[in-house]
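S.K.: Contents of upload.txt (compact mmCIF, C-alpha atoms and all ligand atoms) are given next:
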```txt
# COMPACT_ATOMS: atom_id res chain seq x y z
CA MET D 1 90.13 74.95 165.90
CA VAL D 2 89.27 72.53 163.08
CA LYS D 3 90.65 69.07 163.80
CA LYS D 4 93.16 67.77 161.32
CA ILE D 5 94.64 64.36 160.51
CA GLY D 6 98.28 63.97 159.50
CA ILE D 7 99.54 61.42 157.00
CA LEU D 8 103.16 60.32 157.35
CA ALA D 9 104.54 61.12 153.91
CA LEU D 10 108.14 59.97 153.98
CA GLN D 11 107.63 57.10 151.59
CA GLY D 12 104.94 54.79 150.24
CA ASN D 13 101.28 55.04 149.55
CA PHE D 14 100.22 58.23 151.30
CA GLN D 15 98.27 60.09 148.58
CA ASN D 16 95.32 57.68 148.55
CA HIS D 17 94.76 58.25 152.27
CA LYS D 18 94.46 61.95 151.54
CA LEU D 19 91.79 61.21 148.94
CA ILE D 20 89.81 59.20 151.52
CA LEU D 21 90.03 62.04 154.05
CA ASP D 22 89.12 64.61 151.37
CA HIS D 23 86.09 62.48 150.53
CA LEU D 24 85.10 62.39 154.21
CA GLY D 25 85.47 66.16 154.37
CA VAL D 26 88.26 65.95 156.95
CA GLU D 27 91.19 68.37 156.98
CA SER D 28 94.53 66.65 156.45
CA THR D 29 98.19 67.44 156.03
CA TYR D 30 101.35 65.53 155.17
CA VAL D 31 103.81 64.87 158.01
CA ARG D 32 107.53 64.95 157.24
CA TYR D 33 108.98 66.70 160.28
CA SER D 34 108.37 66.45 164.05
CA SER D 35 106.96 69.98 164.09
CA ASN D 36 104.14 68.87 161.74
CA LEU D 37 102.79 66.73 164.62
CA ASP D 38 102.06 69.83 166.69
CA HIS D 39 99.08 70.81 164.59
CA ILE D 40 97.26 67.51 164.07
CA ASN D 41 94.87 65.33 166.08
CA GLY D 42 95.51 61.90 164.55
CA LEU D 43 98.10 60.25 162.30
CA ILE D 44 98.05 57.73 159.44
CA ILE D 45 101.12 55.58 158.85
CA PRO D 46 100.66 54.37 155.28
CA GLY D 47 101.78 51.28 153.40
CA GLY D 48 105.17 51.20 151.76
CA GLU D 49 108.33 49.45 152.85
CA SER D 50 108.94 49.19 156.58
CA THR D 51 112.74 48.86 156.30
CA THR D 52 112.90 52.10 154.27
CA MET D 53 110.35 53.77 156.54
CA THR D 54 112.51 52.87 159.56
CA LYS D 55 115.52 54.63 157.97
CA LEU D 56 113.51 57.72 157.03
CA ILE D 57 111.79 57.99 160.44
CA ASP D 58 115.24 57.79 162.00
CA LYS D 59 116.71 60.38 159.60
CA ALA D 60 113.84 62.80 160.23
CA GLY D 61 114.18 62.32 164.01
CA LEU D 62 110.53 61.29 164.13
CA TYR D 63 110.71 58.11 166.21
CA GLU D 64 110.35 59.64 169.69
CA SER D 65 107.93 62.30 168.53
CA ILE D 66 105.56 59.76 166.96
CA VAL D 67 105.70 57.62 170.13
CA SER D 68 104.80 60.58 172.34
CA PHE D 69 102.14 61.78 169.87
CA ALA D 70 100.61 58.28 170.00
CA ALA D 71 100.28 58.43 173.78
CA LYS D 72 97.55 61.07 173.35
CA ASN D 73 96.26 60.76 169.79
CA PRO D 74 94.93 57.96 167.56
CA ILE D 75 97.07 56.30 164.90
CA LEU D 76 95.89 54.27 161.89
CA GLY D 77 98.51 52.06 160.24
CA THR D 78 98.04 50.19 156.98
CA CYS D 79 100.31 47.33 155.85
CA ALA D 80 103.86 48.68 156.38
CA GLY D 81 102.16 51.10 158.80
CA LEU D 82 100.84 48.12 160.78
CA ILE D 83 104.36 46.66 160.81
CA MET D 84 105.73 49.96 162.16
CA MET D 85 103.06 49.97 164.92
CA ALA D 86 103.81 46.39 166.05
CA ASP D 87 105.67 45.37 169.16
CA ASN D 88 107.98 43.16 167.12
CA ALA D 89 108.41 42.70 163.36
CA MET D 90 111.00 39.96 163.83
CA ASP D 91 113.40 41.79 161.51
CA ASP D 92 116.42 43.74 162.82
CA ARG D 93 116.10 46.31 160.01
CA VAL D 94 112.69 47.42 161.28
CA ASN D 95 112.57 49.57 164.39
CA THR D 96 108.93 49.29 165.38
CA LEU D 97 107.13 51.99 167.36
CA LYS D 98 105.47 49.46 169.74
CA LEU D 99 102.03 51.05 169.63
CA LEU D 100 100.09 47.79 169.26
CA ASP D 101 100.58 44.67 171.36
CA ILE D 102 101.09 42.44 168.32
CA ASP D 103 103.95 40.67 166.58
CA VAL D 104 104.01 40.49 162.80
CA GLU D 105 105.75 38.47 160.14
CA ARG D 106 106.65 40.65 157.15
CA ASN D 107 105.78 39.64 153.59
CA ALA D 108 103.87 36.62 154.82
CA SER D 109 101.58 36.71 151.80
CA GLY D 110 104.35 36.54 149.21
CA ARG D 111 105.99 38.90 146.76
CA GLN D 112 104.71 42.13 145.21
CA ILE D 113 103.11 40.30 142.27
CA HIS D 114 101.04 38.34 144.73
CA SER D 115 98.95 41.33 145.59
CA LEU D 116 95.24 40.65 145.47
CA VAL D 117 91.86 42.16 146.09
CA ASP D 118 89.59 40.08 148.29
CA THR D 119 86.48 40.37 150.41
CA LEU D 120 86.50 40.35 154.18
CA THR D 121 83.87 40.74 156.87
CA ILE D 122 84.15 43.49 159.45
CA ASN D 123 82.71 42.95 162.92
CA TYR D 124 82.74 46.19 164.81
CA ASN D 125 80.25 46.88 167.61
CA ASP D 126 76.87 46.62 165.93
CA VAL D 127 78.32 46.82 162.42
CA GLN D 128 78.85 43.70 160.37
CA LYS D 129 79.57 44.14 156.70
CA LYS D 130 81.57 42.80 153.76
CA ILE D 131 84.15 44.97 152.05
CA ASP D 132 86.77 44.56 149.30
CA VAL D 133 90.34 45.48 150.19
CA THR D 134 93.81 45.07 148.64
CA PHE D 135 96.62 42.97 150.10
CA ILE D 136 100.14 43.77 148.83
CA ARG D 137 102.99 41.71 150.29
CA ALA D 138 100.91 41.79 153.44
CA PRO D 139 102.27 41.12 156.91
CA LYS D 140 100.70 38.46 159.09
CA ILE D 141 99.74 39.10 162.71
CA VAL D 142 101.33 36.12 164.45
CA ARG D 143 100.63 37.15 168.07
CA TYR D 144 98.24 39.54 169.75
CA GLY D 145 97.74 40.53 173.38
CA ASN D 146 94.55 40.21 175.44
CA ASN D 147 93.74 43.90 175.06
CA VAL D 148 93.72 43.69 171.26
CA ASN D 149 90.30 43.73 169.62
CA ILE D 150 90.00 41.89 166.29
CA ILE D 151 87.92 43.97 163.87
CA ALA D 152 88.31 41.66 160.86
CA LYS D 153 89.84 38.32 159.93
CA TYR D 154 91.07 37.09 156.58
CA LYS D 155 91.14 33.34 156.03
CA GLY D 156 90.71 32.87 159.77
CA GLU D 157 93.66 35.13 160.70
CA PRO D 158 93.31 38.61 162.24
CA CYS D 159 93.97 41.32 159.66
CA ALA D 160 92.40 44.40 161.29
CA VAL D 161 93.00 45.13 164.97
CA GLN D 162 92.29 47.85 167.47
CA SER D 163 94.01 48.48 170.75
CA GLY D 164 93.19 51.52 172.83
CA MET D 165 93.07 54.46 170.44
CA HIS D 166 94.99 52.77 167.66
CA VAL D 167 93.96 50.73 164.63
CA GLY D 168 96.24 48.57 162.47
CA LEU D 169 95.42 46.83 159.17
CA SER D 170 97.50 44.31 157.23
CA PHE D 171 95.90 45.50 153.95
CA HIS D 172 95.13 48.69 152.01
CA PRO D 173 91.51 49.89 152.36
CA GLU D 174 92.42 53.22 150.73
CA LEU D 175 93.08 51.52 147.38
CA ASN D 176 89.44 50.41 147.27
CA GLY D 177 87.95 53.67 148.51
CA ILE D 178 87.03 52.05 151.85
CA SER D 179 86.80 54.62 154.65
CA ILE D 180 85.28 52.64 157.53
CA PHE D 181 88.65 52.13 159.27
CA HIS D 182 89.43 55.83 159.05
CA LYS D 183 86.05 56.47 160.69
CA ILE D 184 86.73 53.88 163.41
CA ALA D 185 90.26 55.12 164.21
CA PHE D 186 89.36 58.80 164.10
CA ASN D 187 85.80 58.65 165.44
CA ASN D 188 86.50 61.56 167.79
CA ILE D 189 87.60 63.66 164.87
CA ILE D 190 85.25 62.51 162.14
CA ASN D 191 82.31 62.19 164.53
CA ASN D 192 79.94 60.33 162.24
CA ARG D 193 79.59 56.94 163.87
CA GLN D 194 76.12 56.52 162.49
CA GLU D 195 77.69 56.42 159.04
CA LEU D 196 79.85 53.37 159.76
CA HIS D 197 77.17 51.33 158.06
CA ALA D 198 77.84 53.31 154.88
CA ALA D 199 81.57 52.42 154.93
N1 LIG Q 201 106.10 44.24 152.57
C1 LIG Q 201 106.12 45.59 153.05
C2 LIG Q 201 106.99 45.72 154.29
O1 LIG Q 201 107.50 44.76 154.75
C3 LIG Q 201 104.72 46.08 153.33
C4 LIG Q 201 103.93 46.13 152.04
C5 LIG Q 201 102.92 47.21 152.00
O2 LIG Q 201 102.91 48.16 152.79
N2 LIG Q 201 102.06 47.11 151.01
O3 LIG Q 201 107.17 46.77 154.80
```
In structure tokens, what does this structure look like?

M.R.:
Amino acid sequence: MVKKIGILALQGNFQNHKLILDHLGVESTYVRYSSNLDHINGLIIPGGESTTMTKLIDKAGLYESIVSFAAKNPILGTCAGLIMMADNAMDDRVNTLKLLDIDVERNASGRQIHSLVDTLTINYNDVQKKIDVTFIRAPKIVRYGNNVNIIAKYKGEPCAVQSGMHVGLSFHPELNGISIFHKIAFNNIINNRQELHAA
């Protein structure tokens, strides 16, 4: 069976992730119900608004099913997606999935108008390269556990992390057409590690 990646499409910036996966030639589908998780091999939790995403995950009865899906399959979270994957978002309105051993502070980079595109350096295995990405009301990773691998830092702070199968980013690579994190998170599915250099 062809492997497929799901994109949580309850709210937020999910379409651009589909464009990245289309570009990589990877099958994808939007996830809105628990049953959608039965037919996919990885999941993207996109950017958006983590308080709203919490309510919609709850309403769709997706919390437990995403947690059990994540025990066996890789998850990539961007911005609000990273917040949802954290151990603690230090905000009672956000019910995090606890998939990454990190704590985050929401909106640490300011309001919506303070979004910016900037360059960061990725260090991943033998790959070291500069890429442009977009930060929009980005969360800050304020604590990370020993098992968390830092893939990239921004202004000295971790902004891209990997732990076990999962990858979390405080920014939006999909808004700049950057696919390297999709390749890292879903390397078993995309199977083109040699192309990491091509981002
Ligand atoms: N500030 C948003 C939140 O707290 C995240 C912003 C984003 O995903 N671009 O959920």

S.K.: Find the residues near Ala160 in chain D: any atom within 10 Å, counting all atoms listed in the file, skip ones fewer than 5 places away on the same chain, and give them as a VMD selection string.

M.R.: chain D and resid 77 to 78 82 122 to 123 141 149 to 154 167 to 171 181

S.K.: Nearest residue to ligand LIG 201 (chain Q) out of D:Arg106, D:His166, D:Lys72, D:Lys3, using only C-alpha atoms and all ligand atoms?

M.R.: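 Nearest to ligand LIG 201 (chain Q): D:Arg106.
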
S.K.: For CA of Gln128 in chain D and CA of Phe186 in chain D, quote the distance in Å rounded to one decimal.

M.R.: 18.8 Å

S.K.: Write out, as a Markdown table, each residue of chain D that has an atom at most 9 Å from ligand LIG 201 (chain Q), together with the closest pair of atoms and their distance in Å to one decimal, counting all atoms listed in the file, rows going by chain and rising number.

M.R.:
```
| residue | atom | partner | partner_atom | distance |
| --- | --- | --- | --- | --- |
| D:Gly12 | CA | Q:LIG201 | O2 | 7.4 |
| D:Asn13 | CA | Q:LIG201 | O2 | 7.8 |
| D:Pro46 | CA | Q:LIG201 | O2 | 7.1 |
| D:Gly47 | CA | Q:LIG201 | O2 | 3.4 |
| D:Gly48 | CA | Q:LIG201 | O2 | 3.9 |
| D:Glu49 | CA | Q:LIG201 | O3 | 3.5 |
| D:Ser50 | CA | Q:LIG201 | O3 | 3.5 |
| D:Thr51 | CA | Q:LIG201 | O3 | 6.1 |
| D:Thr52 | CA | Q:LIG201 | O3 | 7.8 |
| D:Met53 | CA | Q:LIG201 | O3 | 7.9 |
| D:Thr78 | CA | Q:LIG201 | O2 | 6.7 |
| D:Cys79 | CA | Q:LIG201 | O2 | 4.1 |
| D:Ala80 | CA | Q:LIG201 | O2 | 3.7 |
| D:Gly81 | CA | Q:LIG201 | O2 | 6.7 |
| D:Leu82 | CA | Q:LIG201 | O2 | 8.3 |
| D:Ile83 | CA | Q:LIG201 | O3 | 6.6 |
| D:Met84 | CA | Q:LIG201 | O3 | 8.1 |
| D:Ala89 | CA | Q:LIG201 | O1 | 8.9 |
| D:Val94 | CA | Q:LIG201 | O3 | 8.5 |
| D:Glu105 | CA | Q:LIG201 | O1 | 8.5 |
| D:Arg106 | CA | Q:LIG201 | O1 | 4.8 |
| D:Asn107 | CA | Q:LIG201 | N1 | 4.7 |
| D:Ala108 | CA | Q:LIG201 | N1 | 8.3 |
| D:Ser109 | CA | Q:LIG201 | N1 | 8.8 |
| D:Gly110 | CA | Q:LIG201 | N1 | 8.6 |
| D:Arg111 | CA | Q:LIG201 | N1 | 7.9 |
| D:Gln112 | CA | Q:LIG201 | N1 | 7.8 |
| D:Ser115 | CA | Q:LIG201 | N2 | 8.5 |
| D:Thr134 | CA | Q:LIG201 | N2 | 8.8 |
| D:Phe135 | CA | Q:LIG201 | N2 | 6.9 |
| D:Ile136 | CA | Q:LIG201 | N2 | 4.4 |
| D:Arg137 | CA | Q:LIG201 | N1 | 4.6 |
| D:Ala138 | CA | Q:LIG201 | C4 | 5.5 |
| D:Pro139 | CA | Q:LIG201 | N1 | 6.6 |
| D:Ser170 | CA | Q:LIG201 | O2 | 8.0 |
| D:Phe171 | CA | Q:LIG201 | N2 | 7.0 |
| D:His172 | CA | Q:LIG201 | N2 | 7.2 |
```

S.K.: Determine the nearest neighbour of Thr54 in chain D from the options D:Gln11, D:Thr121, D:Asn95, D:Asn188, counting only C-alpha atoms.

M.R.: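 Ranked by minimum distance to Thr54 in chain D, first place goes to D:Asn95.
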
S.K.: Just give me the gap between CA of Lys98 in chain D and CA of Thr29 in chain D in Å, one decimal is fine.

M.R.: 23.8 Å

S.K.: May I ask for the distance between CA of Ile44 in chain D and CA of Val67 in chain D, given in Å to one decimal place?

M.R.: 13.1 Å

S.K.: Let me make sure I understand: among D:Ile45, D:Asn73, D:Asn147, D:Gln162, which one has the smallest atom-to-atom distance to Leu97 in chain D if we use only C-alpha atoms?

M.R.: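 Among the listed residues, D:Ile45 lies closest to Leu97 in chain D.
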
S.K.: Name the closest residue to Ala185 in chain D among the candidates D:Leu62, D:Leu120, D:Ile131, D:Val161; distances are taken between atoms, counting all atoms listed in the file.

M.R.: D:Val161

S.K.: Can you find the residues with an atom no farther than 12 Å from (104.3, 60.1, 171.4), counting all atoms listed in the file, and report them as a PyMOL selection string?

M.R.: chain D and resi 34+37-38+42-43+62-75+97-99

S.K.: Rank D:Ile20, D:Lys140, D:Leu175, D:Tyr30 by their smallest atom-to-atom distance to Cys159 in chain D, using only C-alpha atoms, and report the top residue only.

M.R.: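 Nearest to Cys159 in chain D: D:Lys140.
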
S.K.: Of the candidates D:Met85, D:Val133, D:Ile40, D:Leu56, which one gets nearest to Ile180 in chain D if we count all atoms listed in the file?

M.R.: D:Val133
